[in-house]
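So the structure is just underneath, and the comments pick up after that.
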Amino acid sequence: GERALIARREKVLGPAYRLFYEKPLHLVRGEGVFLYDAAGEPYLDAYNNVASLGHCHPRVVEAITKQTAILNTHTRYLHEGIVDYAESLTATFPEGLSQAMFTCTGSEANDLAVRIARFVTGGTGIIATELAYHGLTSAVAEFSPSLGESVTLGPHVRTVPAPDSYRHSPEEMMEKFGRDVRAAIADLRRHGIKPAMLIVDTIFSSDGIFAGPRGFLKPAVDAIHEAGGLFVADEVQPGFGRTGEAMWGFERHGISPDMVTLGKPMGNGYPMAGIVLRPEVIAEFGPKARYFNTFGGNPVAAAAGKAVLDTIRIDGLQQNALDVGRYLMDGLKDLADRHPAIGDVRGAGLFIGVEIVSDPATRSPDAALTTRIVNGLRERRVLISASGPRANVLKIRPPLVFSRENADMLVDALGKVMAAASP
Ligand code: PMP
């Protein structure tokens, strides 16, 4: 049974591999917005943003299966798939962001972005947010403070608070983030460090899921540019239509990044990631520093990626994220009116954070209640997670094919769990 499997897992994988839930979920199959456990019970997946098109989407399964039976090899031979895919991908970006480089994971994409930014600017300084997660490589872990004790932030790294829309007014936030970034730049300079880049997850996922007021990133981007650094948008979580309003999270802010890093839903589960950037940036790096990635952008990855982009377009998934996201947000706000422990409901499209507090007047975080809610939902066969600096923000990030009916199921289950879990 489950216990024996958990014991085998612990023995062979060791203690760093965590499982969700006090009672871990043993999954055997996925289809659409549902995951199925070993007993065949369905779970509504309101958490997985990798399977953005739904689990095991037939168009992606077919594309991968077909291509893997024909040819799969690295990128030093001429092959049409990667060119086709890069053209389709860059066509979804605003003008200027017209070149792509492919990796296998979001971490590698950010690792490559740092290397490029440092090479191009001649600087080493990096500015990121206080609880950002940008990836697992040694270079990227140095500016991923959410990894906690396992990493030491690099001496060249400065962090700034993410915009907390629950505790600051939109007017304050419009001004604060840019000011904080300017202060971080000044501090780097005081230590003789030239800034290479500012990197933000444009929906501040691990910082607590803050979409922020439209346009608030602009002053910060201007500041890093004035200081000779680059702006990198980490779209690993918000990208590929999740925010509903646009294909890419940064588009909400009327800014244009120098590099955009991508991952997670890019292959709907097939491991693929990459960078989209301005040709001027890579023009300096390319001829002097070669780039090779054994698996990144291989023919099977390109086929998977193309099927994902086609499906987002054909099935109108960005629009669905907007419509169902609004509907879900309204449902959650109605629930908040009835449950004072729900202090705030925020986000964009199908990326929603629900902040759980012990007292709405003081806005004091309630991590214990949050854990009870996440576990209670699992008992009702709905999967979400928790996030944020104090682990008290429900993280709701379902596949983009989520329907209004699915949203009703989630809100209904949350209402029942809140009623049972609140003291
Ligand atoms: N950036 C962000 C914002 C992420 O959320 C993640 C993964 N959680 C990464 C980068 C790293 O991606 P990967 O796990 O594919 O290396």
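Chains: A, B, ... in order of the structure tokens. Residues: from 1 per chain. Ligands: from 1, in order shown.
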Can you tell me, as a JSON list (two decimals) with C-alpha atoms, in the first residue's frame, what residues are no more than 12 Å from Arg189 in chain A when counting only C-alpha atoms, ignoring any on the same chain fewer than 4 positions away?
```json
[["chain", "number", "residue", "atom", "x", "y", "z"],
["A", 123, "GLY", "CA", 28.39, 44.13, -14.11],
["A", 124, "THR", "CA", 27.71, 41.42, -11.55],
["A", 125, "GLY", "CA", 24.98, 42.94, -9.32],
["A", 126, "ILE", "CA", 21.56, 41.32, -9.22],
["A", 156, "HIS", "CA", 26.38, 40.82, -5.33],
["A", 157, "VAL", "CA", 22.64, 40.25, -4.63],
["A", 158, "ARG", "CA", 20.21, 42.80, -3.20],
["A", 182, "ARG", "CA", 16.79, 52.62, -6.79],
["A", 183, "ALA", "CA", 17.94, 52.17, -3.19],
["A", 184, "ALA", "CA", 19.21, 48.65, -3.99],
["A", 185, "ILE", "CA", 21.15, 50.00, -6.98],
["A", 193, "ILE", "CA", 29.31, 46.52, -7.60],
["A", 194, "LYS", "CA", 27.93, 47.41, -11.04],
["A", 195, "PRO", "CA", 24.33, 46.21, -11.53],
["A", 196, "ALA", "CA", 23.83, 43.55, -14.21],
["A", 227, "ALA", "CA", 22.11, 52.11, -14.11],
["A", 228, "GLY", "CA", 23.29, 50.16, -17.18]]
```
Exercise. Hey, what's within 9 Å of range 65-75 of chain A if we count only C-alpha atoms and toss same-chain stuff fewer than 3 positions away? As a PyMOL selection string, please?
Worked result: chain A and resi 60-62+78-79+82+292-301+303-304
Generate a file of the selected residues that holds C-alpha atoms, formatted as a short mmCIF file (atom, residue, chain, number, x, y, z; two decimals), in the first residue's frame.
```
data_model
loop_
_atom_site.label_atom_id
_atom_site.label_comp_id
_atom_site.auth_asym_id
_atom_site.auth_seq_id
_atom_site.Cartn_x
_atom_site.Cartn_y
_atom_site.Cartn_z
CA VAL A 60 0.44 17.33 -27.16
CA VAL A 61 0.48 13.57 -26.62
CA GLU A 62 0.09 13.06 -30.36
CA LEU A 78 19.73 21.65 -39.17
CA HIS A 79 16.14 20.79 -38.34
CA ILE A 82 13.05 24.41 -33.79
CA PHE A 292 24.89 24.46 -26.56
CA ASN A 293 22.22 22.45 -24.77
CA THR A 294 21.99 18.72 -25.47
CA PHE A 295 18.25 18.43 -24.99
CA GLY A 296 17.00 22.01 -25.13
CA GLY A 297 14.94 22.75 -28.24
CA ASN A 298 15.25 19.23 -29.66
CA PRO A 299 12.72 18.11 -32.29
CA VAL A 300 10.40 16.49 -29.73
CA ALA A 301 10.46 19.59 -27.49
CA ALA A 303 6.79 19.60 -31.48
CA ALA A 304 5.39 19.68 -27.94
#
```
Exercise. Can you tell me which residues sit at most 7 Å away from ligand 1, counting only C-alpha atoms and all ligand atoms, written as an NGL selection string?
Worked result: :A and (105-108 or 110 or 133-136 or 201 or 205 or 234-237 or 263-264)
For this session: Compile the contact shell of Tyr36 in chain A as number ranges by chain: residues with an atom at most 10 Å away, counting only C-alpha atoms, same-chain residues fewer than 3 positions apart removed.
Result: A: 25-31, 39-45, 381
Problem set entry | Non-local contacts of range 176-181 of chain A (7 Å; only C-alpha atoms; under 5 positions in same chain excluded) as a ChimeraX atom specification | /A:160,163,219-220
Saved selection, atoms kept: C-alpha atoms, as a JSON list (two decimals), in the first residue's frame:
```json
[["chain", "number", "residue", "atom", "x", "y", "z"],
["A", 160, "VAL", "CA", 13.56, 44.36, -2.47],
["A", 163, "PRO", "CA", 4.44, 44.79, -3.80],
["A", 219, "PRO", "CA", 9.85, 53.08, -12.62],
["A", 220, "ALA", "CA", 11.92, 50.07, -11.50]]
```
For this session: Write out as a PyMOL selection string which residues come within 12 Å of Ala361 in chain A when counting only C-alpha atoms, dropping same-chain ones fewer than 2 positions away.
Result: chain A and resi 166-167+340-344+357-359+363-365
Dump C-alpha atoms for the selected residues as a PDB file, in the first residue's frame?
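Final output, saved to selection_2.pdb:
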```pdb
ATOM      1  CA  TYR A 166      -3.050  43.874   0.937  1.00  0.00           C
ATOM      2  CA  ARG A 167      -0.980  46.172   3.117  1.00  0.00           C
ATOM      3  CA  PRO A 340     -13.566  36.952   8.062  1.00  0.00           C
ATOM      4  CA  ALA A 341     -10.532  34.613   7.954  1.00  0.00           C
ATOM      5  CA  ILE A 342     -10.315  35.369   4.228  1.00  0.00           C
ATOM      6  CA  GLY A 343      -8.488  38.681   4.422  1.00  0.00           C
ATOM      7  CA  ASP A 344      -7.779  39.217   0.751  1.00  0.00           C
ATOM      8  CA  VAL A 357      -5.667  35.806   8.533  1.00  0.00           C
ATOM      9  CA  SER A 358      -6.538  35.305  12.188  1.00  0.00           C
ATOM     10  CA  ASP A 359      -8.087  38.770  12.346  1.00  0.00           C
ATOM     11  CA  ARG A 363      -4.274  41.310   9.010  1.00  0.00           C
ATOM     12  CA  SER A 364      -2.168  38.881  11.013  1.00  0.00           C
ATOM     13  CA  PRO A 365      -1.271  35.795   8.976  1.00  0.00           C
TER      14      PRO A 365
END
```
Exercise. Using the chain letters and numbers from this document, which residues of range 143-196 of chain A does DSSP assign to helix (DSSP H, G or I), as a list of chain:residue names?
Worked result: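 Those in range 143-196 of chain A that DSSP calls helix (DSSP H, G or I) are A:Pro145, A:Ser146, A:Leu147, A:Gly148, A:Glu149, A:Ser150, A:Pro170, A:Glu171, A:Glu172, A:Met173, A:Met174, A:Glu175, A:Lys176, A:Phe177, A:Gly178, A:Arg179, A:Asp180, A:Val181, A:Arg182, A:Ala183, A:Ala184, A:Ile185, A:Ala186, A:Asp187, A:Leu188, A:Arg189, A:Arg190.
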For the residues selected in the previous step, produce a file with N, CA and C atoms as an mmCIF file, in the first residue's frame.
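Final output, result_8.cif:
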```cif
data_model
loop_
_atom_site.group_PDB
_atom_site.id
_atom_site.type_symbol
_atom_site.label_atom_id
_atom_site.label_comp_id
_atom_site.auth_asym_id
_atom_site.auth_seq_id
_atom_site.Cartn_x
_atom_site.Cartn_y
_atom_site.Cartn_z
ATOM 1 N N PRO A 145 15.839 33.732 -2.634
ATOM 2 C CA PRO A 145 15.785 33.679 -1.165
ATOM 3 C C PRO A 145 14.728 32.735 -0.616
ATOM 4 N N SER A 146 13.726 32.360 -1.413
ATOM 5 C CA SER A 146 12.695 31.469 -0.877
ATOM 6 C C SER A 146 13.257 30.080 -0.578
ATOM 7 N N LEU A 147 14.475 29.785 -1.037
ATOM 8 C CA LEU A 147 15.081 28.483 -0.719
ATOM 9 C C LEU A 147 15.511 28.395 0.738
ATOM 10 N N GLY A 148 15.492 29.536 1.433
ATOM 11 C CA GLY A 148 15.750 29.526 2.870
ATOM 12 C C GLY A 148 17.181 29.168 3.213
ATOM 13 N N GLU A 149 17.311 28.366 4.271
ATOM 14 C CA GLU A 149 18.624 28.087 4.847
ATOM 15 C C GLU A 149 19.601 27.399 3.906
ATOM 16 N N SER A 150 19.082 26.749 2.870
ATOM 17 C CA SER A 150 19.986 25.951 2.037
ATOM 18 C C SER A 150 20.855 26.805 1.118
ATOM 19 N N PRO A 170 -2.654 51.217 -3.776
ATOM 20 C CA PRO A 170 -2.109 51.218 -5.141
ATOM 21 C C PRO A 170 -1.186 52.415 -5.384
ATOM 22 N N GLU A 171 -1.537 53.576 -4.835
ATOM 23 C CA GLU A 171 -0.714 54.784 -5.027
ATOM 24 C C GLU A 171 0.671 54.585 -4.411
ATOM 25 N N GLU A 172 0.667 54.019 -3.198
ATOM 26 C CA GLU A 172 1.941 53.744 -2.520
ATOM 27 C C GLU A 172 2.790 52.791 -3.355
ATOM 28 N N MET A 173 2.129 51.726 -3.852
ATOM 29 C CA MET A 173 2.874 50.706 -4.587
ATOM 30 C C MET A 173 3.443 51.228 -5.895
ATOM 31 N N MET A 174 2.699 52.111 -6.555
ATOM 32 C CA MET A 174 3.155 52.679 -7.827
ATOM 33 C C MET A 174 4.529 53.313 -7.646
ATOM 34 N N GLU A 175 4.741 53.834 -6.460
ATOM 35 C CA GLU A 175 5.938 54.611 -6.203
ATOM 36 C C GLU A 175 7.003 53.781 -5.477
ATOM 37 N N LYS A 176 6.536 52.893 -4.590
ATOM 38 C CA LYS A 176 7.441 52.197 -3.663
ATOM 39 C C LYS A 176 8.430 51.253 -4.352
ATOM 40 N N PHE A 177 7.959 50.443 -5.279
ATOM 41 C CA PHE A 177 8.835 49.428 -5.868
ATOM 42 C C PHE A 177 10.013 50.082 -6.599
ATOM 43 N N GLY A 178 9.718 51.110 -7.377
ATOM 44 C CA GLY A 178 10.776 51.825 -8.089
ATOM 45 C C GLY A 178 11.780 52.441 -7.117
ATOM 46 N N ARG A 179 11.258 53.004 -6.029
ATOM 47 C CA ARG A 179 12.132 53.620 -5.028
ATOM 48 C C ARG A 179 13.022 52.564 -4.373
ATOM 49 N N ASP A 180 12.440 51.392 -4.054
ATOM 50 C CA ASP A 180 13.219 50.316 -3.429
ATOM 51 C C ASP A 180 14.320 49.814 -4.365
ATOM 52 N N VAL A 181 13.992 49.710 -5.646
ATOM 53 C CA VAL A 181 14.997 49.246 -6.616
ATOM 54 C C VAL A 181 16.118 50.280 -6.733
ATOM 55 N N ARG A 182 15.762 51.558 -6.739
ATOM 56 C CA ARG A 182 16.795 52.618 -6.790
ATOM 57 C C ARG A 182 17.720 52.543 -5.569
ATOM 58 N N ALA A 183 17.128 52.277 -4.419
ATOM 59 C CA ALA A 183 17.941 52.168 -3.194
ATOM 60 C C ALA A 183 18.875 50.956 -3.282
ATOM 61 N N ALA A 184 18.384 49.862 -3.847
ATOM 62 C CA ALA A 184 19.212 48.649 -3.989
ATOM 63 C C ALA A 184 20.374 48.912 -4.951
ATOM 64 N N ILE A 185 20.090 49.646 -6.025
ATOM 65 C CA ILE A 185 21.151 49.998 -6.980
ATOM 66 C C ILE A 185 22.209 50.856 -6.292
ATOM 67 N N ALA A 186 21.743 51.831 -5.508
ATOM 68 C CA ALA A 186 22.672 52.723 -4.800
ATOM 69 C C ALA A 186 23.536 51.923 -3.825
ATOM 70 N N ASP A 187 22.939 50.930 -3.159
ATOM 71 C CA ASP A 187 23.706 50.126 -2.207
ATOM 72 C C ASP A 187 24.753 49.266 -2.919
ATOM 73 N N LEU A 188 24.371 48.701 -4.062
ATOM 74 C CA LEU A 188 25.362 47.929 -4.843
ATOM 75 C C LEU A 188 26.551 48.824 -5.183
ATOM 76 N N ARG A 189 26.227 50.026 -5.655
ATOM 77 C CA ARG A 189 27.290 50.955 -6.074
ATOM 78 C C ARG A 189 28.207 51.326 -4.918
ATOM 79 N N ARG A 190 27.599 51.549 -3.748
ATOM 80 C CA ARG A 190 28.395 51.869 -2.564
ATOM 81 C C ARG A 190 29.429 50.784 -2.276
#
```
Considering only C-alpha atoms, tabulate each residue of range 92-156 of chain A that lies at most 12 Å from range 209-217 of chain A along with its nearest interatomic pair and the corresponding distance in Å to one decimal; arrange the rows by chain and ascending residue number and present them as JSON lines.
```
{"residue": "A:Thr129", "atom": "CA", "partner": "A:Phe210", "partner_atom": "CA", "distance": 11.9}
{"residue": "A:Leu131", "atom": "CA", "partner": "A:Ile209", "partner_atom": "CA", "distance": 10.9}
{"residue": "A:Ala132", "atom": "CA", "partner": "A:Ile209", "partner_atom": "CA", "distance": 10.8}
```
For this session: as JSON, numbers by chain, please: all residues of range 163-350 of chain A that backbone DSSP puts in strand (DSSP E).
Result: {"A": [195, 196, 197, 198, 199, 200, 201, 230, 231, 232, 233, 234, 259, 260, 261, 262, 273, 274, 275, 276, 277, 342, 343, 344, 345, 346, 347, 348]}
Problem set entry | Near-Pro398 in chain A list (6 Å; only C-alpha atoms; drop same-chain fewer than 4 positions) as a VMD selection string | chain A and resid 46 to 49
Exercise. With distances taken over only C-alpha atoms, which of A:Gly96, A:Pro155, A:Gly81, A:Pro58 is nearest to Asp258 in chain A?
Worked result: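 The shortest atom-to-atom distance to Asp258 in chain A comes from A:Gly96.
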Applying 8 Å and only C-alpha atoms, which residues near Gly305 in chain A remain after dropping the ones on its own chain fewer than 6 positions away? List them as an mmCIF file with C-alpha atoms, in the first residue's frame.
```
data_model
loop_
_atom_site.group_PDB
_atom_site.id
_atom_site.type_symbol
_atom_site.label_atom_id
_atom_site.label_comp_id
_atom_site.auth_asym_id
_atom_site.auth_seq_id
_atom_site.Cartn_x
_atom_site.Cartn_y
_atom_site.Cartn_z
ATOM 1 C CA TYR A 85 8.605 26.778 -33.088
ATOM 2 C CA MET A 266 5.766 25.521 -22.285
ATOM 3 C CA GLY A 267 5.535 21.803 -23.194
ATOM 4 C CA ASN A 268 2.460 20.965 -21.058
ATOM 5 C CA MET A 272 11.205 22.512 -22.010
#
```
For this session: Check the smallest atom-to-atom distance from each of A:Val114, A:Leu400, A:Leu97, A:Leu332 to Arg313 in chain A using only C-alpha atoms, then report the winner.
Result: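 Result for the nearest residue to Arg313 in chain A: A:Leu400.
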Seminar exercise, completed: With distances taken over only C-alpha atoms, the candidate from A:Glu379, A:Glu226, A:Gly353, A:Asp164 nearest Pro24 in chain A is A:Glu379
Exercise. Do you have the CA of Ala141 in chain A-CA of Ala367 in chain A distance handy?
Worked result: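 Value for the CA of Ala141 in chain A-CA of Ala367 in chain A distance: 25.1 Å.
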Problem set entry | Counting only C-alpha atoms, the option among A:Cys104, A:Gly1, A:Tyr21, A:Lys218 closest to Gly254 in chain A |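 Of A:Cys104, A:Gly1, A:Tyr21, A:Lys218, the one nearest Gly254 in chain A, counting only C-alpha atoms, is A:Lys218.
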Problem set entry | Atom-to-atom span, CA of Asp207 in chain A and CA of Gly388 in chain A, Å |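 Computed distance, CA of Asp207 in chain A to CA of Gly388 in chain A, equals 5.0 Å.
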Problem set entry | Proximity to Thr243 in chain A - best of A:Glu142, A:Gly331, A:Arg326, A:Gly349, only C-alpha atoms | A:Gly349
